[in-house]
Structure formats: C-alpha cells, structure tokens
Amino acid sequence: MRIIGRFIMGIFKWTWRLLNFIRELVLNIFFILIILVCVGIWLQMKGDTTEPARGALLLDISGVVVDKASVSDKLGVIGRQLLGANSNRLQENSLFDIVDAIRQAKDDRNITGIVLDLKDFVGADQPSMQYIGKALREFRDSGKPVFARGDYYNQSQYYLASFANKIWLSPQGSIDLRGFATNTLYYKSLLEKLKVSTYVFRVGTYKSAVEPYLRDDMSPAAREADSLWIGELWQNFITTIAANRQITPQQAFPGAQAMLDNLKKLNGDTAQYALDNKLVDELAANAQVDQALIKQFGWNKENKDFSATSIYDYHLKPASSEGGGIAVIFVNGAIMDGPETAGEVGGDTTAEQIRDARLDPTVKAIILRVNSPGGSVSASELIRGELVAAREAGKPIVVSMGGMAASGGYWVSTPANYIIANPSTLTGSIGIFGVINTVQDTLASVGVYTDGVATSPLADLAVTKALSPEVQQMIQLSIEHGYQRFIGLVAKARGMSLEQVDAIAQGHVWTGEDAKAKGLVDALGDFDDAVAKAAELARLKQWHLSFWQDEPTLIDIVFDSVTGSVRAVLPQALQAYLPAPLADAAMAVKAQNDRFATMNDPQNRYAFCLTCGEVK
C-alpha cells in the first residue's frame with residue numbers, strides 16, 4: 001500500500017510541477033510579449049527623422065476617418081504588426097493628421113505624387129471627405145499628380161478618388177454609386193411581447209429618437225424631415241463628384257432605372273459602364289497599373305513595387321509654436337456625463353480641457369470642433385458653462401462643425417462668438433426627450449411581483465414597478481423645462497425670439513446650408529475657415545494650433561492594443577457562423593442598444609439625434 005501511495009503522490013507531485021511550469025511559461029511568454037509591444041511602441045513614438053524615399057505618397061487609408069481617433073494612428077499600425085489585429089475596418093484615422101500629411105507632401109521634394117489605394121477605406125462623414133479632397137486639390141494645383149487605383153469603389157472610396165487626375169478601375173470592377181439611406185430599428189412590438197412598459201417624455205414634433213420605443217415604423221413627420229436633409233446630402237455628394245470628373249450630375253448618377261437600362265445594353269458590364277460615363281479614365285489590370293506607376297515613380301527594389309511611402313510611415317514635422325496659441329478642443333461622439341471614454345465625449349473631461357485653456361495665458365482663442373449627435377443634457381450644459389466662462393474671460397470661441405452638430409452638439413455650440421458649418425453638416429435637432437422602461441408586467445408573467453412602502457409616490461421608483469402619475473408628471477415638466485431652456489439659449493445666442501427659434505426647433509434636423517439660411521450658424525466653411533476666424537477675433541498676426549486631447553499612457557497603449565486585437569478577431573470569429581444579413585443585423589442591434597445603454601443623464605433628459613449618424 002505504501003508503494004501505491006507513494007506512486008499516486010508522485011503522480012500528483014509531478015503533475016503539480018508540470019502545471020507550475022506551464023503557468024510560468026505562459027506568464028513569461030506574456031511578459032516577453034508586453035516588453036516587445038512596449039519597445040515597438042517606444043520606437044514608433046520616437047519616430048524616424050529620415051526623409052522618405054523619392055516617389056509617391058501612398059494614401060492607403062484603412063478603416064474610418066474621424067476628427068479625433070480613439071487610439072492614435074501609430075498605435076493602430078503597431079497593433080496590427082505586433083498583435084495580429086488584422087481587421088482594418090476597426091482602425092480610426094485622424095482627419096487632421098491625414099490633411100497635414102497631404103499638405104506637407106505638397107512641399108516635400110521627395111514626394112512627386114499621390115496614389116490613392118482605398119480598398120480598406122471604410123468611410124467618413126461628408127465634410128471630412130470634403131476637407132481631405134480640398135487638400136488633394138491643393139496638392140494637384142502644385143503641379144504634382146494624383147492617381148487612384150482600385151478593383152472596386154464604394155461611395156466613400158469613389159468620392160475621394162474623384163479628386164484624382166486619373167482613376168484606374170479593374171476590367172471586372174465597378175463603381176457602387178447608389179444613393180444614401182437611413183435605417184433605424186423599431187422595438188414597439190418586441191417590447192409589447194416582452195411586456196415591457198415604456199414611458200416616453202419628449203418635446204419636439206420631429207424628435208424621432210424616441211420613435212423606436214413608440215412605433216414599428218417611421219412617423220410621417222420624421223419621414224418628411226429626414227427625406228429633406230438626406231436628399232440635400234446626396235445632391236452635395238453627387239454634385240462634387242460631377243464637378244471633379246467634369247461631367248453633369250445626371251451623368252454621374254442618372255437614377256436607378258436609367259442605370260439598369262444602360263447596364264442591360266452592356267450585358268451587365270459595370271466596368272465598361274463606368275468608363276462610358278467618364279466615371280473612370282482607364283480599365284486596367286493590376287499588373288498594368290503597376291507598370292504605369294513604376295514608370296511614373298520609379299522602382300523600389302526592397303518592396304519590389306513602385307517607389308512609395310505609406311501615409312502611415314510618412315512622418316509629420318513638429319508643428320510650429322510661434323505666435324499666439326489657438327486651442328482646438330474636440331466634442332467628438334455622443335455626449336455623456338463623467339470622464340471621456342473611447343468614442344464618446346465625457347462632460348467632465350471636456351469641461352476640464354476648456355477650463356485649462358481658459359486659464360492658460362498662452363491660449364488666445366478656442367476652436368470647439370463639434371462632431372456629435374448630442375447626448376446628456378446635464379453634460380452638454382456643463383460644457384456650455386465652461387465655454388461661457390472662457391468667452392467672458394476674453395477668449396474668443398469659434399465653433400467648427402463637422403459631420404454633425406445636432407441636439408446636444410448644438411447646445412454646446414451656443415456660447416460661440418462665431419459658428420461655421422459645412423454645407424453638409426447635420427445640425428439643429430433642437431429638442432429634448434427622456435425614456436424609462438419598467439418590467440413589472442414581464443415579471444408578473446412568470447409569477448414575480450414587487451411590493452413595499454414609501455413615504456411619497458415620488459420615492460417609489462423601481463424598474464420593477466410602474467411609474468406613478470406624479471413621477472410621470474414631474475419628468476414631463478423637467479423635459480419641458482429643458483426644452484424651454486434650450487430654445488432660450490439659442491434665442492439669446494442667435495439674437496432671435498423664442499417664437500422664431502421654436503418654429504425651426506421641434507427636433508427638426510437641418511443641413512448646414514439650411515441652418516445658415518435660418519440663422520442657426522454664421523457662415524459655411526471648413527476647419528481652415530474656423531482657424532482664420534479665431535485668429536481674426538483674437539487679433540493674431542501669427543499663431544499656432546494646440547490640439548487639446550488626453551494622450552494615452554504607455555500602459556493604456558499596451559492594453560488598448562491587446563483589446564483591439566480581441567475586438568478585431570473575436571467578433572469575426574463569431575459572425576463567421578452567421579449568414580451575412582444576420583451578421584449585419586446583429587451588429588446593428590448591438591450598436592443601437594449600446595447607444596441607449598450608455599446614456600447616463602442623472603435626470604434622464606437627452607438632446608440626441610438618432611438618425612444623424614446612420615446615413616449609408
């Protein structure tokens with residue numbers, strides 16, 4: 001028995017040692033990985049001061065373009081290289097870094113042209129693409145050529161490609177111009193089946209953000225309003241393309257039936273259709289395009305391709321620090337209470353940045369770059385209050401509106417000395433709403449009930465109980481007061497009466513062009529115009545921009561890289577088992593649910609435009 005016991009104990013002993021060895025091995029491997037990531041990040045952040053090889057600047061944008069990237073562009077490159085995060089669609093790119101790179105390349109003697117290779121470019125809002133297009137046009141005007149190549153172009157890809165001197169398309173390719181659409185999920189029937197009670201409080205005929213809880217389809221008022229602004233966005237889009245290609249808008253997009261008729265005549269040859277309608281300049285296979293680019297830019301022996309420097313490897317020179325400082329502060333994403341999180345605006349963080357800029361003697365003016373559908377009323381008011389303090393301290397405030405500055409995005413814009421919007425900016429949506437769901441009927445259906453005592457009906461609040469009439473009345477009064485506060489702020493800021501503001505408010509979404517006509521903005525333009533206006537108001541003959549944003553620590557960068565890898569791989573692994581339409585629907589449900597789940601206004605009051613960010 002002793003021998004058997006020793007034998008069994010020996011097995012346990014060596015098994016334990018083996019487990020310890022495996023544990024230490026895994027931890028050591030992970031530790032080495034962390035060291036490699038840190039070294040890679042340090043080398044990348046240190047930067048390369050060598051000049052790029054003579055040739056093209058390759059604009060191989062991967063992912064989406066936003067005003068303020070959640071993670072730096074350099075970090076995205078490191079994450080893919082070291083951690084295998086191969087989903088380019090998840091990468092965010094800074095609009096201003098891209099424009100600065102193009103403008104620097106314009107005067108760089110080693111950069112002799114630009115090649116647009118946009119197969120991994122997912123998209124951006126229209127004002128952002130117009131701003132990149134403006135930089136590309138400046139590059140072309142300097143005498144350097146811009147080329148675009150692709151096997152296929154979606155609408156966003158083609159919009160940028162249209163600024164090129166020459167566009168190549170694969171003989172089997174296509175230009176996917178089809179128009180814009182918005183789609184929102186509606187939950188009324190689902191909530192009824194789940195026996196969820198939904199209490200909606202709102203002010204504004206066109207405040208459609210609450211309609212998913214009340215209807216199974218879009219209301220006639222929302223349909224009419226959304227049809228107007230989405231039609232204007234499409235006209236701006238197609239007019240720009242037509243002007244770039246020197247064709248008529250009708251030729252660029254003749255309509256669905258005319259396109260079908262022409263494609264039938266060509267036996268469905270989409271590439272030939274694009275060539276015949278002057279959407280592209282030449283149909284050519286990749287090998288032919290390569291030869292043309294090698295002839296234009298020379299041969300790179302190391303890469304065995306035409307000589308080019310990727311925009312991700314093209315290092316920007318340090319910005320000048322001469323003259324007075326103009327602080328650029330971002331309101332990029334949904335506005336929520338608390339500190340900033342990835343992709344969302346933290347009211348506390350942004351207010352602190354504005355306060356710091358106000359107290360900084362080197363800052364002479366502030367540009368608030370707004371690209372937000374709105375969000376929490378209390379967070380929006382916190383940001384607005386700090387802007388008022390900065391203006392009263394003698395620092396001019398200029399608002400530069402990006403793709404959208406709606407609802408809470410407009411709320412925070414009201415203290416500005418001057419508001420500049422792009423013609424395609426979505427703004428307005430001046431209205432307030434609140435939504436509370438309770439599940440007392442859902443629980444009752446399975447035999448679960450809630451009961452208790454309270455000192456007043458106002459104290460008896462629980463998600464498991466129906467809202468008392470007193471609570472409902474109090475919330476509605478709070479919403480109505482918030483709306484009156486909103487239109488009062490707008491009226492005071494824009495020099496209008498309450499009646500005038502109310503007539504153009506009611507949650508109605510306007511394009512920048514309409515907003516200018518209705519007095520909600522001062523001028524149409526882009527970020528450059530906002531910089532010029534801020535310098536003018538601050539009476540600066542010489543100035544430099546200072547972008548105010550929290551820089552991630554090394555630990556933040558490492559863990560963001562690791563989680564980025566997980567996000568890139570895990571969703572795709574799960575979605576691989578779903579048919580494509582189901583996968584898309586699952587992502588849509590998750591995105592819309594996440595949007596509502598993060599709303600954290602302490603009074604449940606929101607100034608938010610649901611459809612503003614859903615244009616595709």
# chains A, B, ... in the order shown; residues from 1 in each chain; ligands from 1
>>> select_by_dssp(residues="range 23-249 of chain A", states="strand (DSSP E)", output="ChimeraX atom specification")
/A:55-59,63-66,92-94,111-117,121-123,146-149,166-169,197-203
>>> residues_around(residues="Tyr213 in chain A", least_positions_apart="6", cutoff="9 Å", atoms="only C-alpha atoms", output="list in words")
Tyr186, Tyr187, Lys188, Ser189, Leu191, Thr198, Tyr199, Val200 and Val435 of chain A
>>> write_last_selection(atoms="N, CA and C atoms", output="mmCIF file, in the first residue's frame")
data_model
loop_
_atom_site.group_PDB
_atom_site.id
_atom_site.type_symbol
_atom_site.label_atom_id
_atom_site.label_comp_id
_atom_site.auth_asym_id
_atom_site.auth_seq_id
_atom_site.Cartn_x
_atom_site.Cartn_y
_atom_site.Cartn_z
ATOM 1 N N TYR A 186 -36.880 49.437 -34.852
ATOM 2 C CA TYR A 186 -38.040 49.845 -34.051
ATOM 3 C C TYR A 186 -38.466 48.671 -33.164
ATOM 4 N N TYR A 187 -38.798 48.974 -31.892
ATOM 5 C CA TYR A 187 -38.969 47.924 -30.886
ATOM 6 C C TYR A 187 -40.392 47.811 -30.318
ATOM 7 N N LYS A 188 -41.347 48.573 -30.794
ATOM 8 C CA LYS A 188 -42.653 48.633 -30.138
ATOM 9 C C LYS A 188 -43.265 47.237 -29.954
ATOM 10 N N SER A 189 -43.345 46.475 -31.018
ATOM 11 C CA SER A 189 -43.970 45.151 -30.925
ATOM 12 C C SER A 189 -43.162 44.215 -30.039
ATOM 13 N N LEU A 191 -41.264 45.065 -27.477
ATOM 14 C CA LEU A 191 -41.477 45.450 -26.086
ATOM 15 C C LEU A 191 -42.838 44.993 -25.586
ATOM 16 N N THR A 198 -42.974 51.091 -21.470
ATOM 17 C CA THR A 198 -42.087 52.173 -21.872
ATOM 18 C C THR A 198 -42.756 53.515 -21.626
ATOM 19 N N TYR A 199 -42.066 54.372 -20.882
ATOM 20 C CA TYR A 199 -42.567 55.721 -20.608
ATOM 21 C C TYR A 199 -41.688 56.708 -21.378
ATOM 22 N N VAL A 200 -42.302 57.433 -22.287
ATOM 23 C CA VAL A 200 -41.568 58.358 -23.149
ATOM 24 C C VAL A 200 -42.000 59.776 -22.834
ATOM 25 N N VAL A 435 -36.577 58.597 -21.740
ATOM 26 C CA VAL A 435 -37.169 57.264 -21.879
ATOM 27 C C VAL A 435 -36.854 56.447 -20.630
#
>>> residues_around(residues="Ala222 in chain A", least_positions_apart="5", cutoff="12 Å", atoms="only C-alpha atoms", output="ChimeraX atom specification")
/A:182,184,204-212,215,217,227-230,429,506-509,609-611
>>> atom_distance(atom1="CA of Gly347 in chain A", atom2="CA of Glu386 in chain A")
10.4 Å
>>> select_by_dssp(residues="range 60-287 of chain A", states="helix (DSSP H, G or I)", output="PyMOL selection string")
chain A and resi 73-83+88-90+95-106+126-141+155-161+188-193+208-214+220-245+249-252+256-265+270-276+286-287
>>> residues_around(residues="Gln603 in chain A", least_positions_apart="3", cutoff="12 Å", atoms="only C-alpha atoms", output="PyMOL selection string")
chain A and resi 201+337+376-379+432-436+471+474-479+481-482+599-600+606
>>> decode(residues="range 297-309 of chain A", atoms="all heavy atoms", output="CSV table (one decimal), in the first residue's frame")
chain,number,residue,atom,x,y,z
A,297,PHE,N,6.9,56.7,-60.9
A,297,PHE,CA,7.6,57.0,-59.6
A,297,PHE,C,8.9,56.2,-59.4
A,297,PHE,O,9.5,56.4,-58.4
A,297,PHE,CB,6.6,56.7,-58.5
A,297,PHE,CG,5.4,57.5,-58.5
A,297,PHE,CD1,4.1,57.0,-58.7
A,297,PHE,CD2,5.4,58.9,-58.2
A,297,PHE,CE1,3.0,57.7,-58.7
A,297,PHE,CE2,4.3,59.7,-58.2
A,297,PHE,CZ,3.1,59.1,-58.5
A,298,GLY,N,9.2,55.3,-60.3
A,298,GLY,CA,10.4,54.5,-60.2
A,298,GLY,C,10.2,53.2,-59.4
A,298,GLY,O,9.1,52.9,-58.9
A,299,TRP,N,11.3,52.4,-59.4
A,299,TRP,CA,11.2,51.0,-58.8
A,299,TRP,C,11.8,51.0,-57.4
A,299,TRP,O,12.9,51.5,-57.2
A,299,TRP,CB,11.9,50.1,-59.8
A,299,TRP,CG,12.0,48.7,-59.3
A,299,TRP,CD1,13.2,48.1,-58.8
A,299,TRP,CD2,11.0,47.7,-59.2
A,299,TRP,NE1,12.9,46.8,-58.5
A,299,TRP,CE2,11.6,46.5,-58.7
A,299,TRP,CE3,9.6,47.7,-59.5
A,299,TRP,CZ2,10.9,45.3,-58.5
A,299,TRP,CZ3,8.9,46.5,-59.3
A,299,TRP,CH2,9.5,45.4,-58.8
A,300,ASN,N,11.1,50.3,-56.5
A,300,ASN,CA,11.7,50.1,-55.2
A,300,ASN,C,12.1,48.6,-55.1
A,300,ASN,O,11.3,47.7,-55.1
A,300,ASN,CB,10.6,50.4,-54.1
A,300,ASN,CG,11.1,50.3,-52.7
A,300,ASN,OD1,11.7,49.3,-52.3
A,300,ASN,ND2,11.0,51.4,-52.0
A,301,LYS,N,13.4,48.4,-55.0
A,301,LYS,CA,14.0,47.1,-55.0
A,301,LYS,C,13.6,46.3,-53.8
A,301,LYS,O,13.3,45.1,-53.8
A,301,LYS,CB,15.5,47.1,-55.1
A,301,LYS,CG,16.0,47.6,-56.5
A,301,LYS,CD,17.5,47.6,-56.5
A,301,LYS,CE,18.1,48.1,-57.8
A,301,LYS,NZ,19.6,48.1,-57.9
A,302,GLU,N,13.5,47.0,-52.7
A,302,GLU,CA,13.2,46.3,-51.4
A,302,GLU,C,11.8,45.8,-51.4
A,302,GLU,O,11.5,44.7,-51.0
A,302,GLU,CB,13.4,47.3,-50.2
A,302,GLU,CG,13.2,46.6,-48.9
A,302,GLU,CD,13.5,47.6,-47.7
A,302,GLU,OE1,14.1,48.7,-48.0
A,302,GLU,OE2,13.1,47.3,-46.6
A,303,ASN,N,10.8,46.6,-51.8
A,303,ASN,CA,9.4,46.2,-51.8
A,303,ASN,C,9.0,45.6,-53.1
A,303,ASN,O,7.9,45.1,-53.1
A,303,ASN,CB,8.6,47.5,-51.5
A,303,ASN,CG,8.8,48.1,-50.1
A,303,ASN,OD1,9.1,47.4,-49.2
A,303,ASN,ND2,8.6,49.4,-50.0
A,304,LYS,N,9.8,45.6,-54.1
A,304,LYS,CA,9.5,45.1,-55.4
A,304,LYS,C,8.2,45.6,-55.9
A,304,LYS,O,7.3,44.9,-56.3
A,304,LYS,CB,9.4,43.5,-55.3
A,304,LYS,CG,10.8,42.9,-55.0
A,304,LYS,CD,10.7,41.4,-54.9
A,304,LYS,CE,12.0,40.8,-54.6
A,304,LYS,NZ,12.0,39.3,-54.5
A,305,ASP,N,8.1,47.0,-55.8
A,305,ASP,CA,6.9,47.7,-56.3
A,305,ASP,C,7.3,49.1,-56.6
A,305,ASP,O,8.5,49.5,-56.5
A,305,ASP,CB,5.9,47.7,-55.1
A,305,ASP,CG,4.5,47.9,-55.6
A,305,ASP,OD1,4.3,48.2,-56.8
A,305,ASP,OD2,3.6,47.7,-54.8
A,306,PHE,N,6.4,49.9,-57.1
A,306,PHE,CA,6.7,51.3,-57.4
A,306,PHE,C,7.1,52.0,-56.1
A,306,PHE,O,6.7,51.6,-55.0
A,306,PHE,CB,5.5,52.0,-58.1
A,306,PHE,CG,4.3,52.2,-57.2
A,306,PHE,CD1,4.2,53.4,-56.5
A,306,PHE,CD2,3.3,51.2,-57.1
A,306,PHE,CE1,3.0,53.6,-55.6
A,306,PHE,CE2,2.2,51.4,-56.3
A,306,PHE,CZ,2.1,52.6,-55.6
A,307,SER,N,8.0,53.0,-56.2
A,307,SER,CA,8.5,53.7,-55.1
A,307,SER,C,7.4,54.6,-54.4
A,307,SER,O,6.9,55.4,-55.1
A,307,SER,CB,9.7,54.6,-55.5
A,307,SER,OG,10.3,55.3,-54.4
A,308,ALA,N,7.2,54.2,-53.2
A,308,ALA,CA,6.1,55.0,-52.5
A,308,ALA,C,6.3,54.9,-51.0
A,308,ALA,O,6.9,53.9,-50.5
A,308,ALA,CB,4.7,54.4,-52.8
A,309,THR,N,5.8,55.8,-50.3
A,309,THR,CA,5.8,55.8,-48.8
A,309,THR,C,4.4,55.9,-48.3
A,309,THR,O,3.6,56.8,-48.7
A,309,THR,CB,6.5,57.1,-48.2
A,309,THR,OG1,7.9,57.1,-48.7
A,309,THR,CG2,6.6,57.1,-46.7
